[in-house]
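Chemist: Contents are PDB, C-alpha atoms; file name query.pdb:
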```pdb
MODEL        1
ATOM      1  CA  MET A   1       0.000   0.000   0.000  1.00  0.00           C
ATOM      2  CA  ARG A   2       1.423   3.386  -0.966  1.00  0.00           C
ATOM      3  CA  LEU A   3       0.837   6.261   1.414  1.00  0.00           C
ATOM      4  CA  ASP A   4      -0.191   9.540  -0.217  1.00  0.00           C
ATOM      5  CA  LEU A   5       1.419  11.226   2.767  1.00  0.00           C
ATOM      6  CA  LEU A   6       4.884  10.472   1.369  1.00  0.00           C
ATOM      7  CA  ASP A   7       4.426  13.049  -1.387  1.00  0.00           C
ATOM      8  CA  HIS A   8       3.763  15.959   0.991  1.00  0.00           C
ATOM      9  CA  GLY A   9       5.062  17.519   4.167  1.00  0.00           C
ATOM     10  CA  HIS A  10       8.800  17.037   3.783  1.00  0.00           C
ATOM     11  CA  THR A  11      11.325  19.650   4.831  1.00  0.00           C
ATOM     12  CA  LEU A  12      13.102  21.757   2.224  1.00  0.00           C
ATOM     13  CA  PRO A  13      16.381  19.770   2.568  1.00  0.00           C
ATOM     14  CA  ALA A  14      14.477  16.504   2.041  1.00  0.00           C
ATOM     15  CA  LYS A  15      12.751  17.933  -1.033  1.00  0.00           C
ATOM     16  CA  ALA A  16      16.150  19.053  -2.366  1.00  0.00           C
ATOM     17  CA  LEU A  17      17.466  15.521  -1.834  1.00  0.00           C
ATOM     18  CA  PHE A  18      14.537  14.093  -3.803  1.00  0.00           C
ATOM     19  CA  VAL A  19      15.258  16.494  -6.678  1.00  0.00           C
ATOM     20  CA  LEU A  20      18.928  15.498  -6.628  1.00  0.00           C
ATOM     21  CA  ILE A  21      18.006  11.806  -6.689  1.00  0.00           C
ATOM     22  CA  ARG A  22      15.696  12.419  -9.658  1.00  0.00           C
ATOM     23  CA  LEU A  23      18.373  14.385 -11.539  1.00  0.00           C
ATOM     24  CA  VAL A  24      21.117  11.830 -10.970  1.00  0.00           C
ATOM     25  CA  SER A  25      19.114   8.613 -11.362  1.00  0.00           C
ATOM     26  CA  ARG A  26      16.406   9.880 -13.734  1.00  0.00           C
ATOM     27  CA  HIS A  27      13.893   8.171 -11.433  1.00  0.00           C
ATOM     28  CA  PRO A  28      11.840   9.554  -8.566  1.00  0.00           C
ATOM     29  CA  ALA A  29      13.180   9.053  -5.052  1.00  0.00           C
ATOM     30  CA  PRO A  30      12.197   5.603  -3.773  1.00  0.00           C
ATOM     31  CA  ASP A  31       9.352   5.473  -1.275  1.00  0.00           C
ATOM     32  CA  VAL A  32      11.682   3.984   1.333  1.00  0.00           C
ATOM     33  CA  ILE A  33      13.778   7.174   1.213  1.00  0.00           C
ATOM     34  CA  LYS A  34      10.647   9.316   1.432  1.00  0.00           C
ATOM     35  CA  THR A  35       9.508   7.287   4.450  1.00  0.00           C
ATOM     36  CA  LEU A  36      12.847   7.678   6.222  1.00  0.00           C
ATOM     37  CA  LYS A  37      12.876  11.431   5.552  1.00  0.00           C
ATOM     38  CA  TYR A  38       9.219  12.094   6.460  1.00  0.00           C
ATOM     39  CA  ARG A  39       9.693  12.125  10.245  1.00  0.00           C
ATOM     40  CA  PRO A  40      13.379  11.411  10.733  1.00  0.00           C
ATOM     41  CA  GLU A  41      13.350  12.049  14.476  1.00  0.00           C
ATOM     42  CA  PHE A  42      10.553   9.507  14.988  1.00  0.00           C
ATOM     43  CA  PHE A  43      11.341   6.775  12.473  1.00  0.00           C
ATOM     44  CA  GLY A  44      13.998   7.690   9.931  1.00  0.00           C
ATOM     45  CA  ASP A  45      17.084   8.180  12.092  1.00  0.00           C
ATOM     46  CA  PRO A  46      16.584   5.122  14.346  1.00  0.00           C
ATOM     47  CA  MET A  47      15.726   2.879  11.385  1.00  0.00           C
ATOM     48  CA  SER A  48      18.661   4.175   9.318  1.00  0.00           C
ATOM     49  CA  SER A  49      21.006   3.306  12.181  1.00  0.00           C
ATOM     50  CA  LEU A  50      19.439  -0.125  12.509  1.00  0.00           C
ATOM     51  CA  PHE A  51      19.639  -0.766   8.745  1.00  0.00           C
ATOM     52  CA  GLN A  52      23.335   0.175   8.722  1.00  0.00           C
ATOM     53  CA  GLU A  53      24.063  -2.136  11.640  1.00  0.00           C
ATOM     54  CA  ILE A  54      22.169  -5.021  10.044  1.00  0.00           C
ATOM     55  CA  MET A  55      23.533  -4.577   6.540  1.00  0.00           C
ATOM     56  CA  ARG A  56      27.108  -3.475   7.325  1.00  0.00           C
ATOM     57  CA  GLY A  57      27.816  -4.595  10.899  1.00  0.00           C
ATOM     58  CA  PRO A  58      29.598  -7.762  12.014  1.00  0.00           C
ATOM     59  CA  SER A  59      27.997 -10.930  10.665  1.00  0.00           C
ATOM     60  CA  GLU A  60      28.780 -14.412   9.427  1.00  0.00           C
ATOM     61  CA  TRP A  61      27.110 -13.321   6.172  1.00  0.00           C
ATOM     62  CA  SER A  62      28.986 -11.156   3.692  1.00  0.00           C
ATOM     63  CA  ILE A  63      27.574  -7.757   2.752  1.00  0.00           C
ATOM     64  CA  GLY A  64      26.732  -9.201  -0.672  1.00  0.00           C
ATOM     65  CA  ASP A  65      24.839 -12.116   0.923  1.00  0.00           C
ATOM     66  CA  ARG A  66      22.819  -9.699   3.050  1.00  0.00           C
ATOM     67  CA  GLU A  67      22.031  -7.479   0.055  1.00  0.00           C
ATOM     68  CA  LEU A  68      20.981 -10.518  -1.989  1.00  0.00           C
ATOM     69  CA  MET A  69      18.695 -11.741   0.813  1.00  0.00           C
ATOM     70  CA  ALA A  70      17.166  -8.253   1.151  1.00  0.00           C
ATOM     71  CA  ALA A  71      16.535  -8.148  -2.611  1.00  0.00           C
ATOM     72  CA  PHE A  72      14.986 -11.633  -2.544  1.00  0.00           C
ATOM     73  CA  VAL A  73      12.673 -10.754   0.360  1.00  0.00           C
ATOM     74  CA  SER A  74      11.666  -7.494  -1.317  1.00  0.00           C
ATOM     75  CA  LYS A  75      10.880  -9.302  -4.584  1.00  0.00           C
ATOM     76  CA  THR A  76       8.938 -12.009  -2.716  1.00  0.00           C
ATOM     77  CA  ASN A  77       6.909  -9.289  -0.968  1.00  0.00           C
ATOM     78  CA  GLU A  78       6.378  -7.512  -4.308  1.00  0.00           C
ATOM     79  CA  CYS A  79       8.206  -4.479  -2.949  1.00  0.00           C
ATOM     80  CA  GLU A  80      10.044  -2.231  -5.395  1.00  0.00           C
ATOM     81  CA  PHE A  81      12.805  -1.612  -2.859  1.00  0.00           C
TER      82      PHE A  81
ENDMDL
END
```
Before anything else, please render the file you have as structure tokens.
Modeler:
Amino acid sequence: MRLDLLDHGHTLPAKALFVLIRLVSRHPAPDVIKTLKYRPEFFGDPMSSLFQEIMRGPSEWSIGDRELMAAFVSKTNECEF
């Protein structure tokens, strides 16, 4: 389910980031980025820290293995992330 809320209410720096992403990638900013930037103090900052720890922290799995598993789970869940 896509939240309409993600297209409105961002700060000016977040909006500038979305424009930069669109210019560089020629695609709109992914919804996951919009979600993390919507209320960073409530959700975005803690989840970003957690994602970094999970994906880049110590593990028996390589970074590539973790990225591949994340891509597989996203595809299985029909998520564009």
Chemist: When you draw a straight line from atom CA of Asn77 of chain A to atom CA of Pro58 of chain A, how long is it in Å?
Modeler: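 Computed distance, atom CA of Asn77 of chain A to atom CA of Pro58 of chain A, equals 26.2 Å.
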Chemist: Name all residues at most 9 Å from segment 38-45 of chain A (count only C-alpha atoms; drop same-chain ones fewer than 5 positions away) and give them as an NGL selection string.
Modeler: :A and (5-6 or 8-11 or 14 or 33 or 50)
Chemist: Under the rule that only C-alpha atoms are counted, which of A:Leu3, A:Leu12, A:Leu20, A:Met55 is the nearest residue to Met69 of chain A?
Modeler: A:Met55
Chemist: For the atom pair atom CA of Arg56 of chain A and atom CA of Lys34 of chain A, what is the interatomic distance in Å to one decimal place?
Modeler: 21.7 Å
Chemist: Grab the atom CA of Asp7 of chain A to atom CA of Ser25 of chain A distance for me, in Å with one decimal place.
Modeler: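 Interatomic distance here is 18.3 Å.
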Chemist: Axis-aligned box over every listed atom of segment 55-72 of chain A, padded by 5 Å per side: centre and edges in Å to one decimal, as JSON?
Modeler:
```
{"center_x": 22.3, "center_y": -8.9, "center_z": 4.7, "size_x": 24.6, "size_y": 20.9, "size_z": 24.6}
```
Chemist: Go through A:Ile54, A:Val19, A:Met47, A:Ile63 and flag the residue nearest Val32 of chain A, using only C-alpha atoms for the distances.
Modeler: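 Nearest candidate to Val32 of chain A out of A:Ile54, A:Val19, A:Met47, A:Ile63: A:Met47.
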